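What's in run_12.cif: mmCIF, C-alpha atoms and all ligand atoms
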```
data_structure
#
loop_
_atom_site.group_PDB
_atom_site.id
_atom_site.type_symbol
_atom_site.label_atom_id
_atom_site.label_comp_id
_atom_site.auth_asym_id
_atom_site.auth_seq_id
_atom_site.Cartn_x
_atom_site.Cartn_y
_atom_site.Cartn_z
ATOM 1 C CA MET A 59 -6.932 37.513 -1.419
ATOM 2 C CA LYS A 60 -10.203 39.274 -1.956
ATOM 3 C CA CYS A 61 -9.550 39.651 -5.671
ATOM 4 C CA LYS A 62 -8.823 35.955 -5.958
ATOM 5 C CA LEU A 63 -12.012 35.055 -4.184
ATOM 6 C CA LEU A 64 -13.971 37.429 -6.377
ATOM 7 C CA LEU A 65 -12.379 35.966 -9.487
ATOM 8 C CA GLY A 66 -13.198 32.512 -8.209
ATOM 9 C CA ALA A 67 -16.803 33.532 -7.655
ATOM 10 C CA LEU A 68 -17.027 35.066 -11.104
ATOM 11 C CA LEU A 69 -15.552 31.964 -12.687
ATOM 12 C CA SER A 70 -18.041 29.708 -11.039
ATOM 13 C CA ILE A 71 -20.881 32.000 -12.124
ATOM 14 C CA THR A 72 -19.563 31.840 -15.680
ATOM 15 C CA VAL A 73 -19.446 28.076 -15.538
ATOM 16 C CA ILE A 74 -23.002 27.867 -14.251
ATOM 17 C CA CYS A 75 -24.204 30.270 -16.972
ATOM 18 C CA CYS A 76 -22.508 28.278 -19.691
ATOM 19 C CA SER A 77 -23.941 24.983 -18.582
ATOM 20 C CA LYS A 78 -27.430 26.514 -18.367
ATOM 21 C CA ASN A 79 -27.235 28.042 -21.839
ATOM 22 C CA ASP A 80 -25.681 24.966 -23.369
ATOM 23 C CA ALA A 81 -28.293 22.831 -25.104
ATOM 24 C CA GLY A 82 -26.005 19.742 -24.949
ATOM 25 C CA PRO A 83 -26.126 16.956 -22.388
ATOM 26 C CA GLU A 84 -25.559 17.692 -18.692
ATOM 27 C CA PRO A 85 -21.839 17.645 -17.863
ATOM 28 C CA ILE A 86 -20.748 14.347 -16.303
ATOM 29 C CA ASP A 87 -18.225 14.131 -13.495
ATOM 30 C CA ILE A 88 -15.497 11.891 -14.861
ATOM 31 C CA PRO A 89 -13.716 10.103 -12.011
ATOM 32 C CA ILE A 90 -9.963 10.520 -12.129
ATOM 33 C CA PRO A 91 -8.090 7.188 -12.158
ATOM 34 C CA GLY A 92 -5.495 7.111 -9.417
ATOM 35 C CA GLN A 93 -7.360 9.663 -7.326
ATOM 36 C CA GLN A 94 -10.822 8.153 -7.134
ATOM 37 C CA LEU A 95 -12.400 4.721 -7.325
ATOM 38 C CA VAL A 96 -13.303 4.006 -10.940
ATOM 39 C CA GLN A 97 -15.711 1.453 -12.370
ATOM 40 C CA LEU A 98 -15.452 -0.235 -15.738
ATOM 41 C CA PRO A 99 -18.312 -2.071 -17.495
ATOM 42 C CA VAL A 100 -17.826 -5.621 -18.729
ATOM 43 C CA VAL A 101 -20.006 -7.770 -20.947
ATOM 44 C CA VAL A 102 -19.572 -11.543 -20.723
ATOM 45 C CA HIS A 103 -20.272 -13.178 -24.095
ATOM 46 C CA MET A 104 -21.012 -16.705 -22.889
ATOM 47 C CA ILE A 105 -20.467 -18.743 -26.016
ATOM 48 C CA HIS A 106 -21.695 -22.330 -25.944
ATOM 49 C CA ASN A 107 -22.686 -25.259 -28.145
ATOM 50 C CA GLY A 108 -26.344 -25.399 -27.205
ATOM 51 C CA GLU A 109 -25.892 -26.905 -23.727
ATOM 52 C CA ASP A 110 -28.385 -26.036 -20.999
ATOM 53 C CA ILE A 111 -27.353 -23.257 -18.638
ATOM 54 C CA GLY A 112 -24.989 -24.703 -16.037
ATOM 55 C CA GLN A 113 -23.894 -27.573 -18.319
ATOM 56 C CA GLY A 114 -20.387 -27.639 -19.852
ATOM 57 C CA PRO A 115 -19.295 -24.360 -21.429
ATOM 58 C CA ASN A 116 -22.683 -22.711 -20.835
ATOM 59 C CA LEU A 117 -21.616 -21.671 -17.343
ATOM 60 C CA SER A 118 -24.132 -20.942 -14.614
ATOM 61 C CA LYS A 119 -24.957 -17.391 -13.652
ATOM 62 C CA GLU A 120 -23.543 -18.095 -10.175
ATOM 63 C CA ARG A 121 -20.161 -19.077 -11.604
ATOM 64 C CA ILE A 122 -20.055 -15.961 -13.789
ATOM 65 C CA LEU A 123 -21.018 -13.685 -10.890
ATOM 66 C CA ARG A 124 -18.390 -15.326 -8.681
ATOM 67 C CA GLN A 125 -15.755 -14.726 -11.382
ATOM 68 C CA ILE A 126 -16.543 -11.005 -11.473
ATOM 69 C CA GLU A 127 -16.427 -10.981 -7.671
ATOM 70 C CA ILE A 128 -12.956 -12.605 -7.751
ATOM 71 C CA LEU A 129 -11.797 -10.023 -10.291
ATOM 72 C CA ASN A 130 -12.852 -7.265 -7.904
ATOM 73 C CA GLU A 131 -11.344 -8.985 -4.854
ATOM 74 C CA ASP A 132 -8.026 -9.096 -6.696
ATOM 75 C CA PHE A 133 -8.075 -5.552 -8.068
ATOM 76 C CA ARG A 134 -9.278 -4.120 -4.727
ATOM 77 C CA LYS A 135 -7.025 -6.308 -2.490
ATOM 78 C CA LYS A 136 -10.090 -7.191 -0.480
ATOM 79 C CA LYS A 137 -9.524 -8.328 3.085
ATOM 80 C CA GLY A 138 -10.578 -11.881 3.867
ATOM 81 C CA THR A 139 -10.191 -13.037 0.241
ATOM 82 C CA LYS A 140 -7.418 -14.721 -1.760
ATOM 83 C CA GLY A 141 -6.752 -11.301 -3.300
ATOM 84 C CA HIS A 142 -5.570 -9.757 -0.044
ATOM 85 C CA ASN A 143 -1.904 -9.228 0.777
ATOM 86 C CA GLU A 144 0.116 -7.363 3.397
ATOM 87 C CA HIS A 145 3.021 -6.597 1.052
ATOM 88 C CA PRO A 146 4.333 -3.005 1.385
ATOM 89 C CA ASP A 147 4.113 -2.579 -2.397
ATOM 90 C CA GLY A 148 0.700 -4.246 -2.712
ATOM 91 C CA ALA A 149 -1.967 -2.009 -4.241
ATOM 92 C CA ASP A 150 -5.674 -1.615 -3.933
ATOM 93 C CA THR A 151 -5.842 -0.449 -7.543
ATOM 94 C CA GLN A 152 -9.106 1.461 -6.966
ATOM 95 C CA ILE A 153 -10.414 -0.114 -10.175
ATOM 96 C CA GLU A 154 -13.638 -2.106 -10.090
ATOM 97 C CA PHE A 155 -15.596 -4.004 -12.707
ATOM 98 C CA VAL A 156 -19.349 -4.142 -13.070
ATOM 99 C CA LEU A 157 -21.473 -6.270 -15.353
ATOM 100 C CA ALA A 158 -22.996 -3.981 -17.971
ATOM 101 C CA LYS A 159 -26.398 -2.692 -16.894
ATOM 102 C CA SER A 160 -27.596 -1.915 -20.407
ATOM 103 C CA ASN A 161 -27.026 -3.393 -23.858
ATOM 104 C CA PRO A 162 -26.087 -1.440 -27.009
ATOM 105 C CA GLU A 163 -29.806 -0.838 -27.638
ATOM 106 C CA SER A 164 -29.951 0.904 -24.223
ATOM 107 C CA GLU A 165 -32.210 -1.830 -22.843
ATOM 108 C CA PRO A 166 -31.779 -3.082 -19.253
ATOM 109 C CA PHE A 167 -29.322 -5.982 -19.234
ATOM 110 C CA ASP A 168 -27.671 -8.318 -16.721
ATOM 111 C CA GLY A 169 -24.218 -8.280 -18.351
ATOM 112 C CA ILE A 170 -24.355 -11.888 -19.588
ATOM 113 C CA ASN A 171 -24.852 -12.428 -23.315
ATOM 114 C CA ARG A 172 -25.432 -16.131 -24.012
ATOM 115 C CA ILE A 173 -24.807 -17.243 -27.576
ATOM 116 C CA ASP A 174 -25.533 -20.688 -29.014
ATOM 117 C CA VAL A 175 -22.909 -21.241 -31.717
ATOM 118 C CA SER A 176 -24.701 -24.304 -33.039
ATOM 119 C CA LYS A 177 -27.238 -21.832 -34.457
ATOM 120 C CA LYS A 178 -24.764 -19.397 -35.967
ATOM 121 C CA GLN A 179 -22.222 -20.195 -38.707
ATOM 122 C CA VAL A 180 -19.046 -18.096 -38.771
ATOM 123 C CA ASP A 181 -15.682 -18.317 -40.528
ATOM 124 C CA ASP A 182 -12.964 -20.291 -38.732
ATOM 125 C CA LEU A 183 -10.432 -17.689 -37.666
ATOM 126 C CA GLY A 184 -8.825 -19.754 -34.896
ATOM 127 C CA HIS A 185 -8.846 -19.284 -31.123
ATOM 128 C CA ASN A 186 -8.678 -15.516 -31.136
ATOM 129 C CA GLN A 187 -10.657 -12.346 -30.487
ATOM 130 C CA ASN A 188 -11.539 -11.805 -34.155
ATOM 131 C CA HIS A 189 -13.054 -15.267 -34.394
ATOM 132 C CA PHE A 190 -15.316 -14.916 -31.370
ATOM 133 C CA ALA A 191 -16.187 -11.305 -32.214
ATOM 134 C CA GLN A 192 -18.084 -12.721 -35.175
ATOM 135 C CA TYR A 193 -20.681 -13.927 -32.659
ATOM 136 C CA ALA A 194 -20.866 -10.708 -30.663
ATOM 137 C CA TYR A 195 -18.745 -7.588 -30.367
ATOM 138 C CA TRP A 196 -19.989 -4.560 -28.523
ATOM 139 C CA ASP A 197 -18.532 -1.064 -28.825
ATOM 140 C CA PRO A 198 -15.180 -1.366 -26.997
ATOM 141 C CA GLU A 199 -15.395 2.310 -26.025
ATOM 142 C CA HIS A 200 -18.388 1.430 -23.837
ATOM 143 C CA TYR A 201 -17.815 -2.206 -22.884
ATOM 144 C CA ILE A 202 -14.912 -4.487 -22.060
ATOM 145 C CA ASN A 203 -15.778 -7.479 -24.232
ATOM 146 C CA ILE A 204 -15.044 -10.794 -22.525
ATOM 147 C CA TRP A 205 -15.601 -13.854 -24.668
ATOM 148 C CA VAL A 206 -15.860 -17.082 -22.695
ATOM 149 C CA ALA A 207 -14.988 -19.596 -25.382
ATOM 150 C CA PRO A 208 -16.234 -23.208 -25.589
ATOM 151 C CA LEU A 209 -12.794 -24.636 -26.335
ATOM 152 C CA PRO A 210 -12.417 -28.432 -26.292
ATOM 153 C CA LEU A 211 -11.461 -30.103 -23.004
ATOM 154 C CA GLU A 212 -8.101 -31.148 -24.500
ATOM 155 C CA THR A 213 -7.052 -27.492 -24.269
ATOM 156 C CA THR A 214 -7.525 -27.432 -20.478
ATOM 157 C CA CYS A 215 -4.508 -25.990 -18.670
ATOM 158 C CA MET A 216 -2.802 -25.281 -22.000
ATOM 159 C CA VAL A 217 -4.978 -22.533 -23.461
ATOM 160 C CA LEU A 218 -6.032 -20.212 -20.647
ATOM 161 C CA GLY A 219 -6.818 -16.895 -22.247
ATOM 162 C CA SER A 220 -5.545 -13.889 -24.133
ATOM 163 C CA SER A 221 -6.112 -10.184 -24.227
ATOM 164 C CA THR A 222 -5.512 -7.323 -26.588
ATOM 165 C CA GLY A 223 -3.557 -4.427 -25.129
ATOM 166 C CA PRO A 224 -3.835 -0.646 -25.356
ATOM 167 C CA LYS A 225 -1.395 1.226 -27.606
ATOM 168 C CA THR A 226 0.033 4.087 -25.517
ATOM 169 C CA GLU A 227 3.290 5.973 -24.993
ATOM 170 C CA LEU A 228 4.150 3.711 -22.044
ATOM 171 C CA PRO A 229 7.466 1.879 -22.470
ATOM 172 C CA GLY A 230 7.067 -1.747 -23.458
ATOM 173 C CA SER A 231 3.603 -1.249 -24.952
ATOM 174 C CA ASP A 232 4.812 -2.960 -28.128
ATOM 175 C CA LEU A 233 5.102 -6.207 -26.132
ATOM 176 C CA LEU A 234 1.326 -6.307 -25.744
ATOM 177 C CA LEU A 235 -0.991 -7.942 -28.265
ATOM 178 C CA LEU A 236 -1.895 -4.714 -30.049
ATOM 179 C CA PRO A 237 -4.937 -4.855 -32.312
ATOM 180 C CA GLN A 238 -4.379 -3.862 -35.924
ATOM 181 C CA PRO A 239 -6.986 -1.719 -37.696
ATOM 182 C CA GLY A 240 -10.166 -3.772 -37.990
ATOM 183 C CA ASP A 241 -9.182 -6.205 -35.245
ATOM 184 C CA ALA A 242 -11.526 -6.850 -32.322
ATOM 185 C CA GLU A 243 -10.404 -5.716 -28.865
ATOM 186 C CA GLY A 244 -11.176 -7.678 -25.765
ATOM 187 C CA ILE A 245 -10.407 -10.627 -23.538
ATOM 188 C CA LEU A 246 -10.736 -14.277 -24.395
ATOM 189 C CA VAL A 247 -10.955 -16.898 -21.635
ATOM 190 C CA ASN A 248 -11.185 -20.657 -22.088
ATOM 191 C CA TRP A 249 -14.483 -21.507 -20.358
ATOM 192 C CA ILE A 250 -12.939 -24.143 -18.096
ATOM 193 C CA HIS A 251 -10.697 -21.453 -16.561
ATOM 194 C CA PHE A 252 -13.473 -18.888 -16.104
ATOM 195 C CA GLY A 253 -14.519 -18.758 -12.455
ATOM 196 C CA GLU A 254 -13.703 -21.356 -9.815
ATOM 197 C CA SER A 255 -13.754 -25.096 -10.303
ATOM 198 C CA ASP A 256 -12.121 -28.270 -9.017
ATOM 199 C CA ILE A 257 -10.276 -29.159 -12.230
ATOM 200 C CA ASP A 258 -6.824 -30.698 -11.887
ATOM 201 C CA CYS A 259 -4.911 -27.628 -13.044
ATOM 202 C CA HIS A 260 -3.000 -24.724 -11.513
ATOM 203 C CA ALA A 261 -5.489 -22.278 -13.063
ATOM 204 C CA ARG A 262 -8.729 -23.000 -11.273
ATOM 205 C CA PHE A 263 -9.384 -20.034 -8.977
ATOM 206 C CA GLY A 264 -10.414 -17.470 -11.567
ATOM 207 C CA ARG A 265 -7.092 -15.655 -11.887
ATOM 208 C CA THR A 266 -6.915 -16.055 -15.673
ATOM 209 C CA LEU A 267 -9.321 -13.149 -16.000
ATOM 210 C CA THR A 268 -7.381 -11.064 -13.451
ATOM 211 C CA HIS A 269 -4.173 -11.611 -15.477
ATOM 212 C CA GLU A 270 -5.800 -10.857 -18.833
ATOM 213 C CA MET A 271 -7.513 -7.757 -17.451
ATOM 214 C CA GLY A 272 -4.057 -6.574 -16.364
ATOM 215 C CA HIS A 273 -2.920 -6.834 -20.000
ATOM 216 C CA TYR A 274 -6.104 -5.106 -21.198
ATOM 217 C CA LEU A 275 -5.190 -2.158 -18.972
ATOM 218 C CA GLY A 276 -1.571 -2.069 -20.173
ATOM 219 C CA LEU A 277 0.405 -4.364 -17.855
ATOM 220 C CA LEU A 278 3.210 -6.563 -19.136
ATOM 221 C CA HIS A 279 4.333 -9.906 -17.762
ATOM 222 C CA THR A 280 6.792 -9.364 -14.900
ATOM 223 C CA TRP A 281 9.591 -10.576 -17.219
ATOM 224 C CA GLY A 282 8.490 -8.230 -20.027
ATOM 225 C CA GLY A 283 10.837 -8.731 -22.959
ATOM 226 C CA LYS A 284 12.867 -11.333 -21.009
ATOM 227 C CA ASP A 285 15.833 -9.196 -20.107
ATOM 228 C CA CYS A 286 16.941 -7.851 -16.760
ATOM 229 C CA VAL A 287 16.988 -4.182 -17.768
ATOM 230 C CA HIS A 288 13.753 -3.926 -19.689
ATOM 231 C CA ASN A 289 11.224 -6.217 -18.127
ATOM 232 C CA ASP A 290 7.856 -4.863 -17.007
ATOM 233 C CA TYR A 291 8.850 -1.210 -16.417
ATOM 234 C CA CYS A 292 7.591 -1.384 -12.852
ATOM 235 C CA ASN A 293 10.260 -0.689 -10.215
ATOM 236 C CA ASP A 294 8.472 -2.454 -7.405
ATOM 237 C CA THR A 295 8.300 -5.862 -9.095
ATOM 238 C CA PRO A 296 11.709 -7.561 -8.739
ATOM 239 C CA ALA A 297 13.343 -7.899 -12.171
ATOM 240 C CA VAL A 298 13.213 -11.334 -13.733
ATOM 241 C CA ASP A 299 14.255 -12.344 -17.227
ATOM 242 C CA ARG A 300 12.209 -15.463 -17.821
ATOM 243 C CA PRO A 301 8.592 -16.581 -17.524
ATOM 244 C CA VAL A 302 7.516 -17.342 -13.964
ATOM 245 C CA PHE A 303 5.517 -20.518 -13.438
ATOM 246 C CA GLY A 304 4.453 -22.578 -10.461
ATOM 247 C CA PRO A 305 3.932 -22.022 -6.779
ATOM 248 C CA THR A 306 7.511 -21.340 -5.674
ATOM 249 C CA ALA A 307 9.588 -18.162 -5.804
ATOM 250 C CA PHE A 308 13.185 -18.157 -7.006
ATOM 251 C CA LYS A 309 15.989 -15.590 -7.295
ATOM 252 C CA GLY A 310 15.608 -12.973 -10.018
ATOM 253 C CA CYS A 311 18.069 -10.725 -11.854
ATOM 254 C CA SER A 312 19.570 -8.972 -8.836
ATOM 255 C CA GLY A 313 19.560 -12.018 -6.578
ATOM 256 C CA GLU A 314 16.381 -10.701 -5.003
ATOM 257 C CA THR A 315 13.496 -13.140 -4.550
ATOM 258 C CA ILE A 316 10.957 -12.684 -7.340
ATOM 259 C CA MET A 317 7.322 -11.844 -6.636
ATOM 260 C CA ILE A 318 5.711 -15.238 -7.256
ATOM 261 C CA GLY A 319 2.259 -13.955 -6.236
ATOM 262 C CA ASN A 320 2.088 -11.280 -8.921
ATOM 263 C CA TYR A 321 -0.971 -11.607 -11.144
ATOM 264 C CA MET A 322 1.181 -10.838 -14.185
ATOM 265 C CA ASN A 323 3.078 -14.129 -13.869
ATOM 266 C CA TYR A 324 2.062 -17.570 -15.083
ATOM 267 C CA SER A 325 2.150 -18.644 -11.427
ATOM 268 C CA ASP A 326 -0.414 -20.950 -9.873
ATOM 269 C CA ASP A 327 -3.768 -19.301 -9.190
ATOM 270 C CA ALA A 328 -3.450 -20.481 -5.582
ATOM 271 C CA VAL A 329 -0.436 -18.235 -4.844
ATOM 272 C CA MET A 330 -1.480 -15.131 -6.799
ATOM 273 C CA ASN A 331 -2.441 -12.168 -4.651
ATOM 274 C CA ILE A 332 -0.713 -8.972 -5.736
ATOM 275 C CA PHE A 333 -0.716 -6.027 -8.111
ATOM 276 C CA THR A 334 1.914 -3.481 -7.056
ATOM 277 C CA ASN A 335 1.593 0.282 -6.742
ATOM 278 C CA ASP A 336 3.618 0.795 -9.931
ATOM 279 C CA GLN A 337 1.384 -1.624 -11.798
ATOM 280 C CA ALA A 338 -1.685 0.248 -10.535
ATOM 281 C CA GLU A 339 -0.116 3.517 -11.670
ATOM 282 C CA ARG A 340 0.482 2.077 -15.129
ATOM 283 C CA MET A 341 -3.176 1.045 -15.408
ATOM 284 C CA HIS A 342 -4.295 4.491 -14.225
ATOM 285 C CA TYR A 343 -2.111 6.068 -16.929
ATOM 286 C CA VAL A 344 -3.895 3.957 -19.551
ATOM 287 C CA LEU A 345 -7.326 4.890 -18.194
ATOM 288 C CA LYS A 346 -6.377 8.565 -18.333
ATOM 289 C CA ASN A 347 -4.635 8.602 -21.695
ATOM 290 C CA HIS A 348 -5.976 5.888 -23.993
ATOM 291 C CA SER A 349 -9.170 7.226 -25.550
ATOM 292 C CA GLY A 350 -10.841 3.815 -25.891
ATOM 293 C CA ARG A 351 -10.149 2.895 -22.251
ATOM 294 C CA LYS A 352 -10.887 6.370 -20.873
ATOM 295 C CA SER A 353 -14.326 6.346 -22.483
ATOM 296 C CA LEU A 354 -15.225 3.263 -20.395
ATOM 297 C CA LEU A 355 -15.308 5.526 -17.329
ATOM 298 C CA THR A 356 -18.427 7.270 -18.636
ATOM 299 C CA SER A 357 -20.047 4.315 -20.392
ATOM 300 C CA PRO A 358 -23.854 4.405 -20.454
ATOM 301 C CA ALA A 359 -23.687 0.718 -19.425
ATOM 302 C CA LEU A 360 -22.471 1.595 -15.918
HETATM 303 ZN ZN ZN B 401 -0.171 -12.923 -20.145
#
```

Here is the file; what I need is its structure written in the form of structure tokens.
Ligand SMILES: [Zn+2]
Amino acid sequence: MKCKLLLGALLSITVICCSKNDAGPEPIDIPIPGQQLVQLPVVVHMIHNGEDIGQGPNLSKERILRQIEILNEDFRKKKGTKGHNEHPDGADTQIEFVLAKSNPESEPFDGINRIDVSKKQVDDLGHNQNHFAQYAYWDPEHYINIWVAPLPLETTCMVLGSSTGPKTELPGSDLLLLPQPGDAEGILVNWIHFGESDIDCHARFGRTLTHEMGHYLGLLHTWGGKDCVHNDYCNDTPAVDRPVFGPTAFKGCSGETIMIGNYMNYSDDAVMNIFTNDQAERMHYVLKNHSGRKSLLTSPAL
């Protein structure tokens, strides 16, 4: 016992010596996903057509802040919010999101990057990440890029959002929208579905971002590749082999009632309230093993 203690003492002395002699930056404590609460920085690229703030797609600061709050209520299963549940498999993922506190030039920043597209010509690449990245794209190793896109009102309730996924060893990763070399990584949300509103649509409580963030951290839809054996590779989400819409649960592959409230369905925002423990574990794996996601944990923007 004594030897061990002595060795331990010597080791810690060695570590202290090394860090003192090392001319490099001070060592940073990297929080361990799955064991500690982790925070991830997001930048909201608020893309608009020259409207005043609070008009049309140029959403108010309040609405943006509320959206980030909803995202955290959902990921943290916060009591007293729509994101709370009492399900035995329901997870507080211990993942939180903060608006970036500095921009790429290391200047203080509030996390909201407003861009007037009427003043900036870009190529038409369609409704996708690469198109909107032409307006702004910050280092994805330090920021989760969220583009709030000024899509036309005709797209309401049809185009909600999309997200690129992380390429990892996890089964089913190939079902995600994996960026090819040169592609932009990030989350796209149709402005009308960003934050809360009273639009006549099932997606009006800000859960589009929760769903897309799930993809960004490696989650599949609960039906995965639409078969009963290989669906989302999470044992605590009842297997289902087809897309799940609406407010009402039905019987899945094994005759068990499906989990209508799972954020990784296309269910109504009003009934969504759960990430499971296996889903949380999958996201923690990504944060530990995907270099571009892991680096978010020590972003200077936090
Ligand atoms: Zn999806």

- Write out as a list in words each polymer residue (protein, DNA or RNA) that has an atom no more than 7 Å from ligand ZN 401 (chain B), with all atoms listed in the file counted. Ser220, His269, Glu270, His273, His279 and Met322 of chain A

List as JSON lines every residue of stretch 189-250 of chain A that is in contact with stretch 120-137 of chain A, defined as an atom at most 12 Å from one of its atoms (using only C-alpha atoms), together with the nearest atom pair and the distance in Å rounded to one decimal, sorted by chain and then rising number.
```
{"residue": "A:Ile204", "atom": "CA", "partner": "A:Ile126", "partner_atom": "CA", "distance": 11.2}
{"residue": "A:Trp205", "atom": "CA", "partner": "A:Ile122", "partner_atom": "CA", "distance": 11.9}
{"residue": "A:Val206", "atom": "CA", "partner": "A:Ile122", "partner_atom": "CA", "distance": 9.9}
{"residue": "A:Val247", "atom": "CA", "partner": "A:Gln125", "partner_atom": "CA", "distance": 11.5}
{"residue": "A:Trp249", "atom": "CA", "partner": "A:Ile122", "partner_atom": "CA", "distance": 10.2}
{"residue": "A:Ile250", "atom": "CA", "partner": "A:Arg121", "partner_atom": "CA", "distance": 11.0}
```

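Going from atom CA of A:Asp87 over to atom CA of A:Asn335, you cover 25.1 Å.
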
- Message: What would the selection look like, as a PyMOL selection string, if the PyMOL selection byres (((chain A and resi 313) around 12) and not hetatm) were run on the coordinates I just shared?
- Response: chain A and resi 286+296-299+307-312+314-316

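The gap separating atom CA of A:Ile105 from atom CA of A:Ala207 is 5.6 Å, in Å to one decimal.
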
Write out as a Markdown table the residues of stretch 131-156 of chain A that have any atom within 8 Å of an atom of stretch 336-347 of chain A, one row each with the nearest atom pair and its distance in Å to one decimal, counting all atoms listed in the file, sorted by chain and then rising number.
```
| residue | atom | partner | partner_atom | distance |
| --- | --- | --- | --- | --- |
| A:Ala149 | CA | A:Ala338 | CA | 6.7 |
| A:Asp150 | CA | A:Ala338 | CA | 7.9 |
| A:Thr151 | CA | A:Ala338 | CA | 5.2 |
```

Answer key for the PyMOL selection byres (((chain A and resi 101) around 12) and not hetatm), residues as a PDB file with C-alpha atoms, in the coordinates of the input:
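Ended up saving to part_24.pdb:
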```pdb
ATOM      1  CA  LEU A  98     -15.452  -0.235 -15.738  1.00  0.00           C
ATOM      2  CA  PRO A  99     -18.312  -2.071 -17.495  1.00  0.00           C
ATOM      3  CA  VAL A 100     -17.826  -5.621 -18.729  1.00  0.00           C
ATOM      4  CA  VAL A 102     -19.572 -11.543 -20.723  1.00  0.00           C
ATOM      5  CA  HIS A 103     -20.272 -13.178 -24.095  1.00  0.00           C
ATOM      6  CA  MET A 104     -21.012 -16.705 -22.889  1.00  0.00           C
ATOM      7  CA  ILE A 122     -20.055 -15.961 -13.789  1.00  0.00           C
ATOM      8  CA  LEU A 123     -21.018 -13.685 -10.890  1.00  0.00           C
ATOM      9  CA  ILE A 126     -16.543 -11.005 -11.473  1.00  0.00           C
ATOM     10  CA  PHE A 155     -15.596  -4.004 -12.707  1.00  0.00           C
ATOM     11  CA  VAL A 156     -19.349  -4.142 -13.070  1.00  0.00           C
ATOM     12  CA  LEU A 157     -21.473  -6.270 -15.353  1.00  0.00           C
ATOM     13  CA  ALA A 158     -22.996  -3.981 -17.971  1.00  0.00           C
ATOM     14  CA  LYS A 159     -26.398  -2.692 -16.894  1.00  0.00           C
ATOM     15  CA  SER A 160     -27.596  -1.915 -20.407  1.00  0.00           C
ATOM     16  CA  ASN A 161     -27.026  -3.393 -23.858  1.00  0.00           C
ATOM     17  CA  PRO A 162     -26.087  -1.440 -27.009  1.00  0.00           C
ATOM     18  CA  PHE A 167     -29.322  -5.982 -19.234  1.00  0.00           C
ATOM     19  CA  ASP A 168     -27.671  -8.318 -16.721  1.00  0.00           C
ATOM     20  CA  GLY A 169     -24.218  -8.280 -18.351  1.00  0.00           C
ATOM     21  CA  ILE A 170     -24.355 -11.888 -19.588  1.00  0.00           C
ATOM     22  CA  ASN A 171     -24.852 -12.428 -23.315  1.00  0.00           C
ATOM     23  CA  ARG A 172     -25.432 -16.131 -24.012  1.00  0.00           C
ATOM     24  CA  ALA A 194     -20.866 -10.708 -30.663  1.00  0.00           C
ATOM     25  CA  TYR A 195     -18.745  -7.588 -30.367  1.00  0.00           C
ATOM     26  CA  TRP A 196     -19.989  -4.560 -28.523  1.00  0.00           C
ATOM     27  CA  ASP A 197     -18.532  -1.064 -28.825  1.00  0.00           C
ATOM     28  CA  PRO A 198     -15.180  -1.366 -26.997  1.00  0.00           C
ATOM     29  CA  HIS A 200     -18.388   1.430 -23.837  1.00  0.00           C
ATOM     30  CA  TYR A 201     -17.815  -2.206 -22.884  1.00  0.00           C
ATOM     31  CA  ILE A 202     -14.912  -4.487 -22.060  1.00  0.00           C
ATOM     32  CA  ASN A 203     -15.778  -7.479 -24.232  1.00  0.00           C
ATOM     33  CA  ILE A 204     -15.044 -10.794 -22.525  1.00  0.00           C
ATOM     34  CA  TRP A 205     -15.601 -13.854 -24.668  1.00  0.00           C
ATOM     35  CA  VAL A 206     -15.860 -17.082 -22.695  1.00  0.00           C
ATOM     36  CA  GLY A 244     -11.176  -7.678 -25.765  1.00  0.00           C
ATOM     37  CA  ILE A 245     -10.407 -10.627 -23.538  1.00  0.00           C
ATOM     38  CA  LEU A 246     -10.736 -14.277 -24.395  1.00  0.00           C
ATOM     39  CA  ALA A 359     -23.687   0.718 -19.425  1.00  0.00           C
ATOM     40  CA  LEU A 360     -22.471   1.595 -15.918  1.00  0.00           C
TER      41      LEU A 360
END
```

- Task: Pick out the closest residue to A:Asn107 from this set: A:Pro210, A:Gly138, A:Pro89, A:Pro237. Count all atoms listed in the file.
- Result: A:Pro210

- Query: Quick one, how far is atom CA of A:Leu117 from atom CA of A:Gly253?
  - Reply: 9.1 Å

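The smallest atom-to-atom distance between A:Thr334 and any of A:Gln187, A:Thr280, A:Gln238, A:Gln113, using only C-alpha atoms, is found for A:Thr280.
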
- Query: Which residue, A:Tyr291, A:Phe303, A:Trp281, A:Tyr324, has the smallest gap to A:Pro229 when you use all atoms listed in the file?
  - Reply: A:Tyr291

Padding 8 Å on every side, please: axis-aligned box over the listed atoms of stretch 187-205 of chain A, centre and edge lengths to one decimal in Å, as lines of an AutoDock Vina configuration file.
```
center_x = -15.8
center_y = -6.5
center_z = -28.6
size_x = 26.2
size_y = 33.6
size_z = 29.1
```

- Residues at most 9 Å from stretch 326-330 of chain A, counting all atoms listed in the file, excluding those fewer than 5 positions away in the same chain, as a ChimeraX atom specification? /A:132,140-141,259-266,303-306,318-321

- Message: Please return as a ChimeraX atom specification every residue within 12 Å of (13.4, -2.9, -22.8), taking into account only C-alpha atoms and the file's own coordinates.
- Response: /A:228-233,278,281-292,297,299

- Selection result for the PyMOL selection byres (((chain A and resi 109) around 12) and not hetatm) on this file, as a PyMOL selection string: chain A and resi 104-108+110-118+172-177+208
